[in-house]
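Peer 1: Can you keep this structure in mind? I'll have questions shortly.
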Amino acid sequence: MTKTLVFLRTENNEVFDGSVKGAFVKLSGDVKPARVENTFSVKKGFIELGNLPELQQSEAFTFEATVTPAAIGPNRQNIIESQAPPAAFFINPQGFIVGSVNTSAGWQGLQSSEPLHPGKAANIRFTRNEQGQMDLEINGKNVGSKQVNQKLVPVGNLPIKVGTWVDGQGFQFTGNIANVQIRKGALTANEWNTRVANAKTLEQSIKTKIGLNVSVKVIPSLDESHSRLQPIKDIMNAAGVDKLSDLATLRITVPTKMIRGKVLLASRKNDMSTIDWSKIAANFTSFDVVKKKEHLAKFFPNRNSEGVIKNAQADTATPISRPTGPIIGKLESPADITSLPGTNPRNIEALKRSVDLSKFVKIQDPVLK
């Protein structure tokens with residue numbers, strides 16, 4: 001069974017380890033979270049990870065990422081580099097992915113049979129199992145295998161680097177790198193598909209035994225860490241919480257005992273970026289009247305918002321003509337009164353009694369005099 005030790009996640013321009021371990025993560029240099037979730041734009045720099053004792057003591061591992069190299073060559077570009085376990089995962093100058101490990105016989109490398117292409121995203125994976133079998137994959141397809149039976153020999157204690165060599169300078173990767181995962185144990189695409197297929201087979205077998213109309217769902221056991229978190233995830237989903245960060249507004253400052261029927265409430269998290277009102281005010285003073293109107297409409301969304309103003313059209317409806325004769329006068333019957341446009345019960349009652357409205361209001365319109 002494999003176990004995810006690192007899963008680099010991004011949200012609200014922040015980076016964190018989304019695995020059960022919560023490992024230390026630090027961005028250094030020109031490395032920024034991209035607009036796409038769990039993606040980093042790397043120009044010159046690296047991502048540093050804290051120590052992973054479980055990984056250091058393991059002979060089997062999985063390095064995985066989705067990469068979009070800005071260019072291929074002229075130098076090697078590192079994806080993940082570790083000294084313990086001694087493993088390197090990189091793109092060589094010709095665009096082929098390479099996985100290598102250090103053993104008692106020295107560094108043993110494996111090169112893919114297919115290259116990557118600049119500007120094109122690809123999911124790549126480097127695995128080594130307990131028996132020494134090494135595999136390389138591109139988009140779920142095996143592109144290289146090699147048997148290395150010797151035991152791994154660590155080459156140092158420097159932290160794992162993503163995007164450069166362990167010194168943080170050599171073999172710089174440039175482009176986008178996403179969904180970086182490091183696992184204890186080897187998880188290949190073939191193993192993944194086998195477990196999913198087995199879960200489907202078991203699901204169908206149970207339905208056959210108890211009835212096809214019965215709702216049955218068998219979750220494939222893909223990762224030990226996923227299994228441990230599943231009960232918590234089920235509770236969160238039932239409460240309408242998709243991500244842990246959605247609980248950022250729930251502040252518990254004192255020890256709180258939860259009993260049956262007790263509920264904690266918090267406001268919904270605001271995902272909008274913070275607005276610098278001082279900058280808006282400073283810009284406002286330098287605008288003309290039209291620009292001021294657009295500026296306010298942009299930052300105070302309402303019925304006069306920027307979108308409404310730009311899309312507004314002049315009213316082309318035919319104007320209602322003014323009456324050419326007096327509206328108030330002596331009417332012959334209630335039927336005549338009710339036929340007047342815009343009348344209401346009070347107007348009708350006044351006309352029935354032949355009330356002279358000029359005694360109570362001053363009529364300015366010469367047509368109505």
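Following the order of the structure tokens, first chain is A, next is B, and so on, with residues numbered from 1 inside each chain and ligands from 1 in the order they appear.
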Can you list every residue of segment 149-233 of chain A that has an atom at most 6 Å from segment 51-72 of chain A, with its nearest atom pair and the distance in Å to one decimal, using only C-alpha atoms, ordered by chain then number, as CSV?
Peer 2:
```
residue,atom,partner,partner_atom,distance
A:Thr174,CA,A:Ala70,CA,5.7
A:Gly175,CA,A:Ala70,CA,4.5
A:Asn176,CA,A:Thr68,CA,5.0
A:Ile177,CA,A:Val67,CA,4.5
A:Ala178,CA,A:Thr66,CA,4.9
A:Asn179,CA,A:Ala65,CA,5.3
A:Val180,CA,A:Ala65,CA,4.4
A:Gln181,CA,A:Glu64,CA,5.2
A:Ile182,CA,A:Phe63,CA,4.9
A:Arg183,CA,A:Thr62,CA,4.9
A:Lys184,CA,A:Phe61,CA,4.7
A:Gly185,CA,A:Phe61,CA,4.4
A:Ala186,CA,A:Phe61,CA,5.1
```
Peer 1: Show me, as a PyMOL selection string, the residues that have an atom within 9 Å of Gly106 of chain A when counting only C-alpha atoms, minus same-chain residues fewer than 4 positions from it.
Peer 2: chain A and resi 101-102+153
Peer 1: Which one is closest to Lys161 of chain A: A:Ala84, A:Ile79, A:Ile219, A:Leu265? Count only C-alpha atoms.
Peer 2: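 Closest residue, counting only C-alpha atoms: A:Ile79.
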Peer 1: Excluding same-chain residues fewer than 3 positions from segment 30-39 of chain A, what lies within 6 Å of it counting only C-alpha atoms, as number ranges by chain?
Peer 2: A: 9-10, 13, 42-45, 177-179
Peer 1: Which parts of segment 62-289 of chain A does DSSP call alpha helix (DSSP H) when run on the backbone here, written out as a VMD selection string?
Peer 2: chain A and resid 189 to 210 224 to 238 277 to 284 289
Peer 1: Let me see the file: selected residues, N, CA and C atoms, as a tab-separated table (two decimals), in the first residue's frame.
Peer 2:
```
chain	number	residue	atom	x	y	z
A	189	ALA	N	0.54	3.63	-12.98
A	189	ALA	CA	-0.78	3.75	-13.59
A	189	ALA	C	-1.46	2.39	-13.71
A	190	ASN	N	-0.67	1.35	-13.98
A	190	ASN	CA	-1.22	0.01	-14.11
A	190	ASN	C	-1.80	-0.47	-12.78
A	191	GLU	N	-1.07	-0.21	-11.67
A	191	GLU	CA	-1.56	-0.60	-10.35
A	191	GLU	C	-2.83	0.17	-10.01
A	192	TRP	N	-2.83	1.46	-10.34
A	192	TRP	CA	-4.01	2.31	-10.09
A	192	TRP	C	-5.23	1.74	-10.82
A	193	ASN	N	-5.08	1.46	-12.11
A	193	ASN	CA	-6.20	0.96	-12.91
A	193	ASN	C	-6.67	-0.40	-12.43
A	194	THR	N	-5.75	-1.23	-11.96
A	194	THR	CA	-6.12	-2.55	-11.45
A	194	THR	C	-6.98	-2.44	-10.21
A	195	ARG	N	-6.61	-1.53	-9.31
A	195	ARG	CA	-7.40	-1.37	-8.08
A	195	ARG	C	-8.79	-0.81	-8.37
A	196	VAL	N	-8.87	0.11	-9.32
A	196	VAL	CA	-10.17	0.67	-9.70
A	196	VAL	C	-11.05	-0.42	-10.32
A	197	ALA	N	-10.47	-1.24	-11.18
A	197	ALA	CA	-11.22	-2.33	-11.82
A	197	ALA	C	-11.69	-3.35	-10.79
A	198	ASN	N	-10.84	-3.67	-9.81
A	198	ASN	CA	-11.22	-4.63	-8.77
A	198	ASN	C	-12.37	-4.09	-7.93
A	199	ALA	N	-12.35	-2.78	-7.66
A	199	ALA	CA	-13.44	-2.18	-6.88
A	199	ALA	C	-14.76	-2.26	-7.65
A	200	LYS	N	-14.71	-2.02	-8.97
A	200	LYS	CA	-15.91	-2.12	-9.80
A	200	LYS	C	-16.46	-3.55	-9.83
A	201	THR	N	-15.54	-4.51	-9.92
A	201	THR	CA	-15.95	-5.93	-9.94
A	201	THR	C	-16.63	-6.31	-8.63
A	202	LEU	N	-16.04	-5.89	-7.52
A	202	LEU	CA	-16.62	-6.19	-6.21
A	202	LEU	C	-17.98	-5.52	-6.05
A	203	GLU	N	-18.09	-4.30	-6.53
A	203	GLU	CA	-19.35	-3.56	-6.46
A	203	GLU	C	-20.46	-4.28	-7.20
A	204	GLN	N	-20.14	-4.74	-8.41
A	204	GLN	CA	-21.13	-5.45	-9.21
A	204	GLN	C	-21.50	-6.78	-8.58
A	205	SER	N	-20.52	-7.45	-7.97
A	205	SER	CA	-20.78	-8.74	-7.32
A	205	SER	C	-21.73	-8.58	-6.14
A	206	ILE	N	-21.55	-7.52	-5.37
A	206	ILE	CA	-22.43	-7.27	-4.22
A	206	ILE	C	-23.84	-6.96	-4.69
A	207	LYS	N	-23.96	-6.15	-5.76
A	207	LYS	CA	-25.28	-5.83	-6.30
A	207	LYS	C	-26.00	-7.08	-6.79
A	208	THR	N	-25.25	-7.99	-7.39
A	208	THR	CA	-25.84	-9.23	-7.89
A	208	THR	C	-26.41	-10.07	-6.74
A	209	LYS	N	-25.72	-10.03	-5.60
A	209	LYS	CA	-26.14	-10.84	-4.45
A	209	LYS	C	-27.35	-10.25	-3.75
A	210	ILE	N	-27.39	-8.92	-3.59
A	210	ILE	CA	-28.45	-8.30	-2.78
A	210	ILE	C	-29.50	-7.56	-3.60
A	224	GLU	N	-3.06	4.80	1.43
A	224	GLU	CA	-3.32	4.68	2.87
A	224	GLU	C	-3.77	6.00	3.46
A	225	SER	N	-3.16	7.10	3.03
A	225	SER	CA	-3.52	8.40	3.59
A	225	SER	C	-4.93	8.79	3.21
A	226	HIS	N	-5.36	8.42	1.98
A	226	HIS	CA	-6.73	8.73	1.57
A	226	HIS	C	-7.72	7.96	2.44
A	227	SER	N	-7.41	6.72	2.76
A	227	SER	CA	-8.30	5.91	3.58
A	227	SER	C	-8.46	6.50	4.97
A	228	ARG	N	-7.38	6.98	5.56
A	228	ARG	CA	-7.43	7.55	6.90
A	228	ARG	C	-8.25	8.84	6.94
A	229	LEU	N	-8.22	9.59	5.85
A	229	LEU	CA	-8.92	10.87	5.82
A	229	LEU	C	-10.36	10.76	5.32
A	230	GLN	N	-10.74	9.62	4.75
A	230	GLN	CA	-12.06	9.51	4.16
A	230	GLN	C	-13.20	9.77	5.15
A	231	PRO	N	-13.18	9.22	6.37
A	231	PRO	CA	-14.27	9.51	7.31
A	231	PRO	C	-14.40	11.00	7.61
A	232	ILE	N	-13.26	11.68	7.75
A	232	ILE	CA	-13.28	13.13	8.01
A	232	ILE	C	-13.85	13.86	6.80
A	233	LYS	N	-13.43	13.44	5.60
A	233	LYS	CA	-13.92	14.07	4.38
A	233	LYS	C	-15.43	13.89	4.24
A	234	ASP	N	-15.94	12.71	4.61
A	234	ASP	CA	-17.38	12.46	4.52
A	234	ASP	C	-18.15	13.40	5.44
A	235	ILE	N	-17.62	13.63	6.65
A	235	ILE	CA	-18.28	14.53	7.60
A	235	ILE	C	-18.27	15.96	7.06
A	236	MET	N	-17.12	16.39	6.52
A	236	MET	CA	-17.01	17.74	5.98
A	236	MET	C	-17.96	17.94	4.81
A	237	ASN	N	-18.03	16.96	3.92
A	237	ASN	CA	-18.92	17.08	2.77
A	237	ASN	C	-20.38	17.16	3.19
A	238	ALA	N	-20.72	16.41	4.23
A	238	ALA	CA	-22.09	16.44	4.74
A	238	ALA	C	-22.45	17.81	5.30
A	277	TRP	N	-8.29	50.39	-0.82
A	277	TRP	CA	-9.16	51.56	-0.95
A	277	TRP	C	-8.37	52.86	-0.99
A	278	SER	N	-7.22	52.92	-0.33
A	278	SER	CA	-6.42	54.15	-0.35
A	278	SER	C	-5.93	54.45	-1.77
A	279	LYS	N	-5.58	53.39	-2.51
A	279	LYS	CA	-5.13	53.57	-3.88
A	279	LYS	C	-6.28	54.02	-4.77
A	280	ILE	N	-7.46	53.44	-4.53
A	280	ILE	CA	-8.63	53.82	-5.30
A	280	ILE	C	-8.97	55.30	-5.09
A	281	ALA	N	-8.88	55.74	-3.82
A	281	ALA	CA	-9.18	57.14	-3.51
A	281	ALA	C	-8.17	58.08	-4.17
A	282	ALA	N	-6.91	57.68	-4.16
A	282	ALA	CA	-5.87	58.51	-4.77
A	282	ALA	C	-6.08	58.65	-6.27
A	283	ASN	N	-6.45	57.56	-6.93
A	283	ASN	CA	-6.70	57.62	-8.37
A	283	ASN	C	-7.95	58.43	-8.68
A	284	PHE	N	-8.94	58.34	-7.79
A	284	PHE	CA	-10.21	59.03	-8.00
A	284	PHE	C	-10.02	60.54	-8.14
A	289	VAL	N	-14.93	63.85	-14.64
A	289	VAL	CA	-16.24	63.43	-14.16
A	289	VAL	C	-16.63	62.06	-14.72
```
Peer 1: One number please: atom CA of Asp246 of chain A to atom CA of Ser41 of chain A, in Å, one decimal.
Peer 2: 24.6 Å
Peer 1: When you look at Val25 of chain A with a cut-off of 9 Å (counting only C-alpha atoms), what residues show up, excluding the ones that are within fewer than 2 positions of it in the same chain? I need them as a list in words.
Peer 2: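 With the cut-off at 9 Å, the set is Leu8, Val15, Phe16, Asp17, Gly22, Ala23, Leu27, Ile47, Glu48, Leu49 and Gly50 of chain A.
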Peer 1: Select, from A:Leu158, A:Met258, A:Val214, A:Ala87, the residue with the minimum atom-to-atom distance to Gly99 of chain A, counting only C-alpha atoms.
Peer 2: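 Closest residue, counting only C-alpha atoms: A:Ala87.
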Peer 1: Restricting the calculation to only C-alpha atoms, which member of A:Gln77, A:Gln169, A:Thr188, A:Ser82 is positioned closest to Ile97 of chain A?
Peer 2: A:Gln77
Peer 1: Quick one: pull the distance between atom CA of Gly170 of chain A and atom CA of Phe96 of chain A, Å, one decimal.
Peer 2: 18.2 Å
Peer 1: Separation of atom CA of Glu114 of chain A and atom CA of Gly144 of chain A, in Å?
Peer 2: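 Going from atom CA of Glu114 of chain A over to atom CA of Gly144 of chain A covers 9.0 Å.
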Peer 1: Please identify all polymer residues within 10 Å of Gln131 of chain A, counting only C-alpha atoms, omitting same-chain residues fewer than 4 positions from it, and present them as a list of chain:residue names.
Peer 2: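 Final neighbour list, sorted by chain and number: A:Glu59, A:Ala60, A:Gln147, A:Val148, A:Asn149, A:Gln150, A:Lys151.
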Peer 1: If we count only C-alpha atoms, what is near Val166 of chain A at a cut-off of 10 Å, once residues fewer than 4 positions away on the same chain are taken out, given as a list of chain:residue names?
Peer 2: A:Phe46, A:Glu48, A:Asn78, A:Ile80, A:Glu81, A:Ser82, A:Gln83, A:Ala88, A:Gly156, A:Asn157, A:Leu158, A:Pro159, A:Ile160, A:Lys161, A:Val162, A:Gly170, A:Phe171
Peer 1: For the residues selected in the previous step, produce a file with C-alpha atoms as a PDB file, in the first residue's frame.
Peer 2:
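Written file, again01.pdb:
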```
ATOM      1  CA  PHE A  46      12.671  26.354  -6.284  1.00  0.00           C
ATOM      2  CA  GLU A  48      11.819  23.390  -0.693  1.00  0.00           C
ATOM      3  CA  ASN A  78      15.223  19.186 -12.508  1.00  0.00           C
ATOM      4  CA  ILE A  80      12.423  16.667  -8.057  1.00  0.00           C
ATOM      5  CA  GLU A  81      15.788  16.001  -6.407  1.00  0.00           C
ATOM      6  CA  SER A  82      16.343  14.169  -3.120  1.00  0.00           C
ATOM      7  CA  GLN A  83      19.445  13.060  -1.236  1.00  0.00           C
ATOM      8  CA  ALA A  88      16.676  12.492  -9.135  1.00  0.00           C
ATOM      9  CA  GLY A 156      23.457  13.743   2.001  1.00  0.00           C
ATOM     10  CA  ASN A 157      20.860  15.388   4.255  1.00  0.00           C
ATOM     11  CA  LEU A 158      19.849  18.465   2.276  1.00  0.00           C
ATOM     12  CA  PRO A 159      16.081  19.094   1.924  1.00  0.00           C
ATOM     13  CA  ILE A 160      14.184  17.943  -1.150  1.00  0.00           C
ATOM     14  CA  LYS A 161      14.037  20.553  -3.909  1.00  0.00           C
ATOM     15  CA  VAL A 162      11.431  20.931  -6.642  1.00  0.00           C
ATOM     16  CA  GLY A 170      21.802  24.094 -10.593  1.00  0.00           C
ATOM     17  CA  PHE A 171      19.606  22.448 -13.237  1.00  0.00           C
TER      18      PHE A 171
END
```
